[in-house]
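Here is the file my_file30.txt (compact mmCIF, C-alpha atoms).
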```
# COMPACT_ATOMS: atom_id res chain seq x y z
CA MET X 616 -64.29 -14.59 -57.61
CA ASN X 617 -67.91 -15.22 -58.62
CA PHE X 618 -67.12 -14.70 -62.32
CA GLN X 619 -64.43 -16.83 -63.89
CA ILE X 620 -62.99 -18.19 -67.10
CA SER X 621 -61.60 -21.70 -66.54
CA LYS X 622 -59.19 -23.82 -68.52
CA GLU X 623 -60.06 -26.79 -66.30
CA PRO X 624 -63.35 -28.73 -66.09
CA ILE X 625 -65.95 -26.81 -64.07
CA ASP X 626 -66.92 -28.12 -60.65
CA ILE X 627 -70.66 -27.44 -60.58
CA GLN X 628 -71.00 -27.55 -56.80
CA SER X 629 -68.30 -24.95 -56.28
CA VAL X 630 -70.23 -22.50 -58.49
CA ILE X 631 -73.45 -23.17 -56.57
CA ASP X 632 -71.69 -22.74 -53.23
CA LYS X 633 -70.80 -19.15 -54.16
CA VAL X 634 -74.45 -18.05 -54.19
CA VAL X 635 -75.63 -19.81 -51.04
CA GLN X 636 -77.22 -17.19 -48.79
CA ARG X 637 -79.55 -17.23 -45.80
CA ASN X 638 -82.16 -15.10 -47.59
CA ALA X 639 -82.43 -17.42 -50.58
CA GLY X 640 -85.51 -19.54 -51.14
CA ALA X 641 -84.20 -20.85 -54.42
CA ILE X 642 -81.02 -21.49 -56.35
CA THR X 643 -81.28 -22.18 -60.07
CA THR X 644 -78.39 -23.71 -61.98
CA PHE X 645 -77.88 -23.59 -65.71
CA ILE X 646 -75.39 -26.06 -67.17
CA GLY X 647 -74.50 -25.52 -70.80
CA THR X 648 -73.14 -28.65 -72.47
CA VAL X 649 -71.60 -29.51 -75.82
CA ARG X 650 -74.21 -30.92 -78.22
CA GLU X 651 -73.30 -33.49 -80.84
CA LEU X 652 -75.85 -32.66 -83.55
CA THR X 653 -76.73 -29.20 -84.84
CA LYS X 654 -79.20 -29.23 -87.74
CA GLY X 655 -78.13 -32.77 -88.54
CA LYS X 656 -74.44 -31.94 -88.66
CA LYS X 657 -72.20 -33.91 -86.34
CA THR X 658 -69.79 -32.00 -84.10
CA LEU X 659 -66.63 -33.88 -83.12
CA PHE X 660 -65.41 -31.37 -80.53
CA LEU X 661 -65.26 -27.62 -79.83
CA ILE X 662 -62.54 -25.14 -79.02
CA TYR X 663 -63.60 -22.18 -76.90
CA ASP X 664 -61.42 -19.08 -76.80
CA ALA X 665 -61.92 -15.92 -74.76
CA TYR X 666 -60.60 -12.39 -74.41
CA GLU X 667 -60.23 -13.36 -70.81
CA ALA X 668 -59.76 -10.04 -69.02
CA MET X 669 -62.72 -8.46 -70.81
CA ALA X 670 -64.83 -11.60 -70.55
CA VAL X 671 -64.52 -11.56 -66.76
CA LYS X 672 -65.50 -7.88 -66.73
CA LYS X 673 -68.56 -8.57 -68.88
CA LEU X 674 -69.61 -11.50 -66.68
CA GLU X 675 -69.29 -9.15 -63.69
CA GLN X 676 -71.46 -6.62 -65.54
CA ILE X 677 -74.14 -9.28 -66.10
CA GLY X 678 -73.99 -10.03 -62.37
CA ARG X 679 -74.53 -6.35 -61.54
CA GLU X 680 -77.42 -6.10 -64.00
CA ILE X 681 -79.11 -9.06 -62.34
CA GLU X 682 -78.59 -7.68 -58.83
CA GLU X 683 -80.22 -4.43 -59.96
CA ARG X 684 -83.21 -6.12 -61.62
CA TRP X 685 -83.92 -8.89 -59.12
CA GLU X 686 -83.70 -7.77 -55.53
CA GLY X 687 -81.58 -9.93 -53.30
CA ALA X 688 -80.12 -11.96 -56.18
CA GLN X 689 -76.62 -13.40 -56.04
CA VAL X 690 -74.91 -14.67 -59.17
CA ALA X 691 -71.92 -16.85 -60.02
CA ILE X 692 -70.80 -17.79 -63.53
CA THR X 693 -67.89 -19.92 -64.73
CA HIS X 694 -67.23 -20.39 -68.46
CA ARG X 695 -64.81 -22.97 -69.76
CA VAL X 696 -62.21 -22.40 -72.49
CA GLY X 697 -60.03 -24.80 -74.44
CA ARG X 698 -61.00 -28.08 -76.07
CA LEU X 699 -64.37 -29.55 -75.08
CA ASP X 700 -65.77 -32.89 -76.15
CA ILE X 701 -69.41 -33.86 -76.63
CA THR X 702 -71.35 -33.68 -73.30
CA ASP X 703 -68.61 -31.59 -71.62
CA ILE X 704 -69.76 -28.59 -69.59
CA ALA X 705 -69.10 -25.23 -71.26
CA VAL X 706 -70.76 -22.92 -68.74
CA VAL X 707 -72.34 -23.04 -65.30
CA ILE X 708 -74.58 -20.24 -64.02
CA ALA X 709 -75.94 -20.24 -60.47
CA VAL X 710 -78.44 -17.65 -59.25
CA SER X 711 -79.95 -17.47 -55.79
CA THR X 712 -82.94 -15.27 -54.92
CA PRO X 713 -85.49 -15.03 -52.12
CA HIS X 714 -88.24 -16.48 -54.39
CA ARG X 715 -88.07 -19.15 -57.09
CA ALA X 716 -89.63 -17.24 -60.01
CA ASP X 717 -86.87 -14.65 -59.86
CA ALA X 718 -84.17 -17.31 -59.74
CA TYR X 719 -85.45 -18.87 -62.99
CA GLU X 720 -85.87 -15.54 -64.76
CA ALA X 721 -82.54 -14.13 -63.71
CA ASN X 722 -80.70 -17.28 -64.71
CA ARG X 723 -82.26 -17.19 -68.19
CA TYR X 724 -81.28 -13.54 -68.46
CA ALA X 725 -77.67 -14.42 -67.65
CA ILE X 726 -77.24 -16.99 -70.43
CA GLU X 727 -78.91 -14.77 -73.02
CA ARG X 728 -76.63 -11.87 -72.06
CA ILE X 729 -73.56 -14.10 -72.28
CA LYS X 730 -74.49 -14.81 -75.88
CA GLU X 731 -74.67 -11.06 -76.57
CA ILE X 732 -71.82 -9.30 -74.82
CA VAL X 733 -69.19 -11.67 -73.42
CA PRO X 734 -66.14 -12.03 -75.69
CA ILE X 735 -65.99 -15.81 -75.94
CA TRP X 736 -65.94 -17.73 -79.22
CA LYS X 737 -66.36 -21.34 -80.16
CA LYS X 738 -64.78 -23.14 -83.06
CA GLU X 739 -66.78 -26.09 -84.32
CA HIS X 740 -64.85 -29.10 -85.55
CA TRP X 741 -66.79 -31.40 -87.85
CA GLU X 742 -65.78 -34.48 -89.79
CA ASP X 743 -65.37 -32.35 -92.91
CA GLY X 744 -63.94 -29.13 -91.54
CA GLU X 745 -63.89 -26.45 -88.87
CA GLU X 746 -65.18 -22.92 -88.41
CA TRP X 747 -65.36 -20.14 -85.84
CA MET X 748 -69.00 -19.53 -85.00
CA GLY X 749 -70.39 -16.02 -84.65
CA ASN X 750 -73.73 -15.40 -82.94
CA GLN X 751 -74.83 -18.80 -84.32
CA LEU X 752 -76.57 -17.49 -87.47
CA GLU X 753 -74.42 -14.45 -88.24
CA THR X 754 -77.59 -12.43 -88.40
CA VAL X 755 -76.40 -9.60 -86.18
CA ALA X 756 -74.38 -6.76 -87.61
CA TYR X 757 -72.97 -3.87 -85.63
CA PRO X 758 -72.75 -0.97 -88.07
CA SER X 759 -71.75 1.51 -85.39
CA GLY X 760 -68.98 -0.77 -84.19
CA LYS X 761 -70.66 -1.94 -80.98
CA PRO X 762 -73.97 -3.37 -79.84
CA GLU X 763 -76.84 -0.90 -79.99
CA GLU X 764 -78.66 0.07 -76.80
CA ASP X 765 -81.55 -2.16 -77.80
CA ASP X 766 -79.26 -5.18 -78.13
CA LEU X 767 -77.84 -4.49 -74.70
CA ASN X 768 -81.15 -3.91 -72.96
CA GLU X 769 -83.12 -6.87 -74.21
CA MET I 48 -47.70 2.45 -79.14
CA ASN I 49 -50.80 0.32 -79.11
CA LYS I 50 -51.47 -3.37 -78.77
CA ILE I 51 -54.07 -4.65 -81.22
CA LEU I 52 -55.69 -7.98 -80.31
CA PHE I 53 -57.45 -10.36 -82.69
CA PHE I 54 -59.77 -13.25 -81.93
CA ALA I 55 -61.50 -16.15 -83.65
CA HIS I 56 -61.54 -15.90 -87.47
CA LEU I 57 -59.69 -12.57 -87.39
CA ARG I 58 -56.76 -14.17 -85.57
CA ASP I 59 -56.61 -16.85 -88.26
CA ALA I 60 -56.68 -14.17 -90.96
CA VAL I 61 -53.98 -12.00 -89.39
CA GLY I 62 -51.89 -14.97 -88.31
CA GLU I 63 -51.01 -13.31 -84.98
CA GLU I 64 -52.69 -13.00 -81.60
CA TYR I 65 -51.76 -9.36 -81.51
CA LEU I 66 -49.85 -6.64 -83.31
CA LYS I 67 -47.94 -3.75 -81.80
CA LEU I 68 -48.26 -0.59 -83.80
CA ASN I 69 -48.82 3.10 -83.36
CA ALA I 70 -52.50 3.87 -83.83
CA THR I 71 -52.50 6.88 -81.51
CA GLY I 72 -54.67 9.71 -82.84
CA LYS I 73 -56.63 7.52 -85.23
CA THR I 74 -60.24 6.64 -84.62
CA VAL I 75 -61.26 3.07 -83.99
CA GLY I 76 -63.07 3.09 -87.34
CA GLU I 77 -60.01 4.35 -89.22
CA LEU I 78 -57.83 1.64 -87.69
CA LYS I 79 -60.41 -0.97 -88.59
CA VAL I 80 -60.48 0.10 -92.25
CA GLU I 81 -56.69 0.26 -92.40
CA LEU I 82 -56.20 -3.24 -90.98
CA ALA I 83 -59.01 -4.65 -93.08
CA GLY I 84 -57.07 -3.48 -96.15
CA SER I 85 -53.66 -4.67 -94.96
CA TYR I 86 -54.81 -8.13 -93.94
CA ASN I 87 -57.81 -8.64 -96.20
CA LEU I 88 -59.98 -9.24 -93.14
CA PRO I 89 -63.36 -10.87 -93.75
CA LYS I 90 -66.79 -9.91 -92.32
CA LEU I 91 -65.54 -6.75 -90.65
CA ASP I 92 -68.95 -5.04 -90.70
CA THR I 93 -70.09 -7.37 -87.92
CA VAL I 94 -66.96 -6.90 -85.82
CA MET I 95 -67.12 -4.88 -82.61
CA THR I 96 -64.17 -3.05 -81.13
CA ALA I 97 -63.06 -2.78 -77.54
CA VAL I 98 -60.72 -0.14 -76.16
CA ASN I 99 -59.13 -1.13 -72.86
CA GLU I 100 -61.60 -3.99 -72.41
CA GLU I 101 -64.76 -1.93 -72.97
CA PHE I 102 -66.89 -1.73 -76.13
CA ALA I 103 -66.12 1.42 -78.12
CA GLN I 104 -67.77 3.35 -80.94
CA ASP I 105 -66.06 3.72 -84.31
CA ASP I 106 -65.51 7.44 -83.70
CA GLU I 107 -63.53 6.97 -80.48
CA VAL I 108 -60.00 8.37 -80.79
CA ILE I 109 -57.21 6.02 -79.78
CA GLN I 110 -54.83 7.25 -77.09
CA ASP I 111 -51.21 6.23 -76.58
CA GLY I 112 -51.06 2.93 -74.70
CA ASP I 113 -54.67 1.95 -75.40
CA GLU I 114 -55.25 -1.75 -75.94
CA ILE I 115 -57.54 -2.31 -78.90
CA ALA I 116 -59.37 -5.58 -79.51
CA PHE I 117 -61.41 -6.56 -82.55
CA ILE I 118 -64.31 -8.68 -81.39
CA PRO I 119 -66.22 -10.80 -83.89
CA PRO I 120 -69.81 -11.74 -82.99
CA VAL I 121 -69.49 -13.78 -79.83
CA SER I 122 -70.55 -17.41 -79.51
CA GLY I 123 -70.10 -18.36 -75.88
CA GLY I 124 -72.57 -20.15 -73.70
```
Just dump the structure as structure tokens.
Amino acid sequence: MNFQISKEPIDIQSVIDKVVQRNAGAITTFIGTVRELTKGKKTLFLIYDAYEAMAVKKLEQIGREIEERWEGAQVAITHRVGRLDITDIAVVIAVSTPHRADAYEANRYAIERIKEIVPIWKKEHWEDGEEWMGNQLETVAYPSGKPEEDDLNE
Amino acid sequence: MNKILFFAHLRDAVGEEYLKLNATGKTVGELKVELAGSYNLPKLDTVMTAVNEEFAQDDEVIQDGDEIAFIPPVSGG
């Protein structure tokens, strides 16, 4: 169960423990947290929702992509859903690899891919309203109905 | 029969988490256009579609029992 969607607060250590391996020289951990200010606008809290079954599959896919690109890598990702307050942890990514450079690179790859292909959405709640956010700037359109190869291979 | 799932702003627009209807034989794109009309769905040009939990092209033909999900641009992480 290296790839999970959680309704409960994420225990960081338990995610790290999943990638401990004798061949690792490094484990990198990414912890995504809820920020209060975005472009000067104050967030009160967030609601995350997921298409859970597909989200787990897409997290697993990201894990496979990393194992193919960085030899000896092991990956674990847990993403939270539900209501999150400022400073709460939304996502934890742990990557172990034989050498440290790969662990940093692969971990960065994982978070960028989550933002592209994993069906999870956040709803921002501000003092003056609320809105579902889509790829932050809503700059990406999918005219063919799904991400293009280029989007998926970046 | 098919189960059609909605998320984020689309769920708010439709007012349901899912609909059960017969979309068998239609393409994903045809279903999208049909539902966009019925429910006045916003921003549908940026919405992806999944068939049985995998991203699908608009020309994919829906089979009986397929689970269809409309997936707005994601914002996890």
Just the residues within 9 Å of stretch 111-119 of chain I, please, counting only C-alpha atoms, with nothing from its chain fewer than 5 positions along; format it as JSON, numbers by chain.
{"X": [666, 734, 736, 749, 750], "I": [48, 49, 50, 51, 52, 53, 54, 55, 56, 57, 65, 69, 70, 71, 72, 75, 79, 90, 91, 93, 94, 95, 96, 97, 98, 99, 100]}
For the residues selected in the previous step, produce a file with C-alpha atoms as a short mmCIF file (atom, residue, chain, number, x, y, z; two decimals), in the frame of the given file.
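File written: part_17.cif
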```
data_model
loop_
_atom_site.label_atom_id
_atom_site.label_comp_id
_atom_site.auth_asym_id
_atom_site.auth_seq_id
_atom_site.Cartn_x
_atom_site.Cartn_y
_atom_site.Cartn_z
CA TYR X 666 -60.60 -12.39 -74.41
CA PRO X 734 -66.14 -12.03 -75.69
CA TRP X 736 -65.94 -17.73 -79.22
CA GLY X 749 -70.39 -16.02 -84.65
CA ASN X 750 -73.73 -15.40 -82.94
CA MET I 48 -47.70 2.45 -79.14
CA ASN I 49 -50.80 0.32 -79.11
CA LYS I 50 -51.47 -3.37 -78.77
CA ILE I 51 -54.07 -4.65 -81.22
CA LEU I 52 -55.69 -7.98 -80.31
CA PHE I 53 -57.45 -10.36 -82.69
CA PHE I 54 -59.77 -13.25 -81.93
CA ALA I 55 -61.50 -16.15 -83.65
CA HIS I 56 -61.54 -15.90 -87.47
CA LEU I 57 -59.69 -12.57 -87.39
CA TYR I 65 -51.76 -9.36 -81.51
CA ASN I 69 -48.82 3.10 -83.36
CA ALA I 70 -52.50 3.87 -83.83
CA THR I 71 -52.50 6.88 -81.51
CA GLY I 72 -54.67 9.71 -82.84
CA VAL I 75 -61.26 3.07 -83.99
CA LYS I 79 -60.41 -0.97 -88.59
CA LYS I 90 -66.79 -9.91 -92.32
CA LEU I 91 -65.54 -6.75 -90.65
CA THR I 93 -70.09 -7.37 -87.92
CA VAL I 94 -66.96 -6.90 -85.82
CA MET I 95 -67.12 -4.88 -82.61
CA THR I 96 -64.17 -3.05 -81.13
CA ALA I 97 -63.06 -2.78 -77.54
CA VAL I 98 -60.72 -0.14 -76.16
CA ASN I 99 -59.13 -1.13 -72.86
CA GLU I 100 -61.60 -3.99 -72.41
#
```
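One distance worth recording is that between atom CA of X:Glu746 and atom CA of I:Tyr86, which is 18.9 Å.
Between atom CA of X:Arg728 and atom CA of I:Asp105 the separation is 22.5 Å.
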By how many Å are atom CA of X:Asp743 and atom CA of X:His694 apart?
27.3 Å
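Each of X:Ser629, X:Ser711, X:Thr658, X:Thr693 was compared to chain I using only C-alpha atoms, and X:Thr693 turns out to be the nearest.
Nearest to I:Ser122 of all the residues X:Ala716, X:Val733, X:Lys654, X:Gln676 is X:Val733, based on only C-alpha atoms.
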Selection near X:Ile642, 12 Å with all atoms listed in the file, sequence-local residues under 3 positions removed, as a ChimeraX atom specification
/X:628,630-639,645,687-691,708-722
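Comparing the minimum interatomic distances between chain X and each of I:Pro89, I:Val61, I:Val108, I:Gly76, counting all atoms listed in the file, we find that I:Gly76 sits nearest.
Shortest atom-to-atom contact with chain X among I:Ala60, I:Ala103, I:Val80, I:Ile109: I:Ala103, counting all atoms listed in the file.
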Would you compute an axis-aligned box for stretch 690-698 of chain X, covering every atom listed for it in the file with 4 Å of margin on each side, and report centre and edge lengths in Å to one decimal as lines of an AutoDock Vina configuration file?
```
center_x = -67.5
center_y = -21.4
center_z = -67.6
size_x = 22.9
size_y = 21.4
size_z = 24.9
```
Compute the distance from (-76.2, -25.2, -72.1) to each atom, counting only C-alpha atoms, keep the residues with any atom at most 8 Å away, and return them as an mmCIF file with C-alpha atoms, in the coordinates of the input; use the coordinates of the file.
```
data_model
loop_
_atom_site.group_PDB
_atom_site.id
_atom_site.type_symbol
_atom_site.label_atom_id
_atom_site.label_comp_id
_atom_site.auth_asym_id
_atom_site.auth_seq_id
_atom_site.Cartn_x
_atom_site.Cartn_y
_atom_site.Cartn_z
ATOM 1 C CA PHE X 645 -77.880 -23.590 -65.710
ATOM 2 C CA ILE X 646 -75.390 -26.060 -67.170
ATOM 3 C CA GLY X 647 -74.500 -25.520 -70.800
ATOM 4 C CA THR X 648 -73.140 -28.650 -72.470
ATOM 5 C CA VAL X 649 -71.600 -29.510 -75.820
ATOM 6 C CA ILE X 704 -69.760 -28.590 -69.590
ATOM 7 C CA ALA X 705 -69.100 -25.230 -71.260
ATOM 8 C CA VAL X 706 -70.760 -22.920 -68.740
ATOM 9 C CA GLY I 124 -72.570 -20.150 -73.700
#
```
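Distance annotation: of I:Glu81, I:Gln110, I:Thr74, I:Asn87, the residue with the minimal separation from chain X is I:Thr74; atom set is all atoms listed in the file.
Of the residues listed (X:Ile701, X:Ala665, X:Ile620, X:Leu659), X:Ala665 shows the shortest atom-to-atom separation from chain I; distances use all atoms listed in the file.
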For stretch 86-97 of chain I, where the input has fewer atoms than it should, I would like all heavy atoms rebuilt and written as a short mmCIF file (atom, residue, chain, number, x, y, z; two decimals), keeping the file's coordinate frame.
```cif
data_model
loop_
_atom_site.label_atom_id
_atom_site.label_comp_id
_atom_site.auth_asym_id
_atom_site.auth_seq_id
_atom_site.Cartn_x
_atom_site.Cartn_y
_atom_site.Cartn_z
N TYR I 86 -54.75 -6.69 -94.19
CA TYR I 86 -54.81 -8.13 -93.94
C TYR I 86 -55.97 -8.82 -94.65
O TYR I 86 -56.22 -9.99 -94.42
CB TYR I 86 -54.88 -8.40 -92.44
CG TYR I 86 -53.60 -8.04 -91.74
CD1 TYR I 86 -53.43 -6.78 -91.18
CD2 TYR I 86 -52.56 -8.96 -91.65
CE1 TYR I 86 -52.25 -6.44 -90.54
CE2 TYR I 86 -51.37 -8.63 -91.02
CZ TYR I 86 -51.22 -7.36 -90.47
OH TYR I 86 -50.05 -7.03 -89.85
N ASN I 87 -56.68 -8.05 -95.47
CA ASN I 87 -57.81 -8.64 -96.20
C ASN I 87 -58.77 -9.35 -95.25
O ASN I 87 -59.10 -10.52 -95.42
CB ASN I 87 -57.29 -9.60 -97.27
CG ASN I 87 -58.36 -9.95 -98.27
OD1 ASN I 87 -59.32 -9.19 -98.45
ND2 ASN I 87 -58.24 -11.11 -98.91
N LEU I 88 -59.18 -8.63 -94.20
CA LEU I 88 -59.98 -9.24 -93.14
C LEU I 88 -61.43 -9.42 -93.58
O LEU I 88 -62.04 -8.49 -94.13
CB LEU I 88 -59.94 -8.38 -91.88
CG LEU I 88 -58.56 -8.17 -91.28
CD1 LEU I 88 -58.64 -7.28 -90.04
CD2 LEU I 88 -57.91 -9.50 -90.94
N PRO I 89 -61.99 -10.60 -93.34
CA PRO I 89 -63.36 -10.87 -93.75
C PRO I 89 -64.39 -10.40 -92.73
O PRO I 89 -64.10 -10.30 -91.54
CB PRO I 89 -63.38 -12.40 -93.85
CG PRO I 89 -62.37 -12.86 -92.84
CD PRO I 89 -61.33 -11.77 -92.74
N LYS I 90 -65.61 -10.13 -93.19
CA LYS I 90 -66.79 -9.91 -92.32
C LYS I 90 -66.58 -8.81 -91.29
O LYS I 90 -67.05 -8.91 -90.16
CB LYS I 90 -67.15 -11.21 -91.59
CG LYS I 90 -67.46 -12.39 -92.50
CD LYS I 90 -67.79 -13.62 -91.65
CE LYS I 90 -67.79 -14.90 -92.45
NZ LYS I 90 -67.80 -16.09 -91.60
N LEU I 91 -65.88 -7.76 -91.66
CA LEU I 91 -65.54 -6.75 -90.65
C LEU I 91 -66.72 -5.87 -90.24
O LEU I 91 -66.68 -5.22 -89.20
CB LEU I 91 -64.38 -5.88 -91.15
CG LEU I 91 -63.38 -5.49 -90.07
CD1 LEU I 91 -62.78 -6.71 -89.41
CD2 LEU I 91 -62.29 -4.62 -90.64
N ASP I 92 -67.79 -5.87 -91.06
CA ASP I 92 -68.95 -5.04 -90.70
C ASP I 92 -69.68 -5.58 -89.47
O ASP I 92 -70.44 -4.86 -88.84
CB ASP I 92 -69.92 -4.93 -91.89
CG ASP I 92 -70.38 -6.30 -92.37
OD1 ASP I 92 -69.60 -7.26 -92.22
OD2 ASP I 92 -71.50 -6.40 -92.88
N THR I 93 -69.44 -6.82 -89.12
CA THR I 93 -70.09 -7.37 -87.92
C THR I 93 -69.15 -7.37 -86.72
O THR I 93 -69.51 -7.88 -85.66
CB THR I 93 -70.56 -8.81 -88.16
OG1 THR I 93 -69.42 -9.65 -88.38
CG2 THR I 93 -71.51 -8.91 -89.34
N VAL I 94 -67.96 -6.82 -86.89
CA VAL I 94 -66.96 -6.90 -85.82
C VAL I 94 -67.05 -5.68 -84.90
O VAL I 94 -67.04 -4.54 -85.36
CB VAL I 94 -65.55 -7.02 -86.44
CG1 VAL I 94 -64.47 -6.86 -85.37
CG2 VAL I 94 -65.40 -8.36 -87.13
N MET I 95 -67.13 -5.94 -83.61
CA MET I 95 -67.12 -4.88 -82.61
C MET I 95 -65.67 -4.57 -82.23
O MET I 95 -64.76 -5.33 -82.53
CB MET I 95 -67.87 -5.33 -81.36
CG MET I 95 -69.33 -5.60 -81.60
SD MET I 95 -70.16 -6.14 -80.07
CE MET I 95 -69.83 -7.90 -80.13
N THR I 96 -65.50 -3.43 -81.59
CA THR I 96 -64.17 -3.05 -81.13
C THR I 96 -64.22 -2.75 -79.64
O THR I 96 -65.19 -2.16 -79.16
CB THR I 96 -63.68 -1.81 -81.87
OG1 THR I 96 -63.87 -2.00 -83.26
CG2 THR I 96 -62.20 -1.55 -81.60
N ALA I 97 -63.19 -3.16 -78.94
CA ALA I 97 -63.06 -2.78 -77.54
C ALA I 97 -61.79 -1.96 -77.36
O ALA I 97 -60.76 -2.25 -77.97
CB ALA I 97 -63.00 -4.02 -76.65
#
```
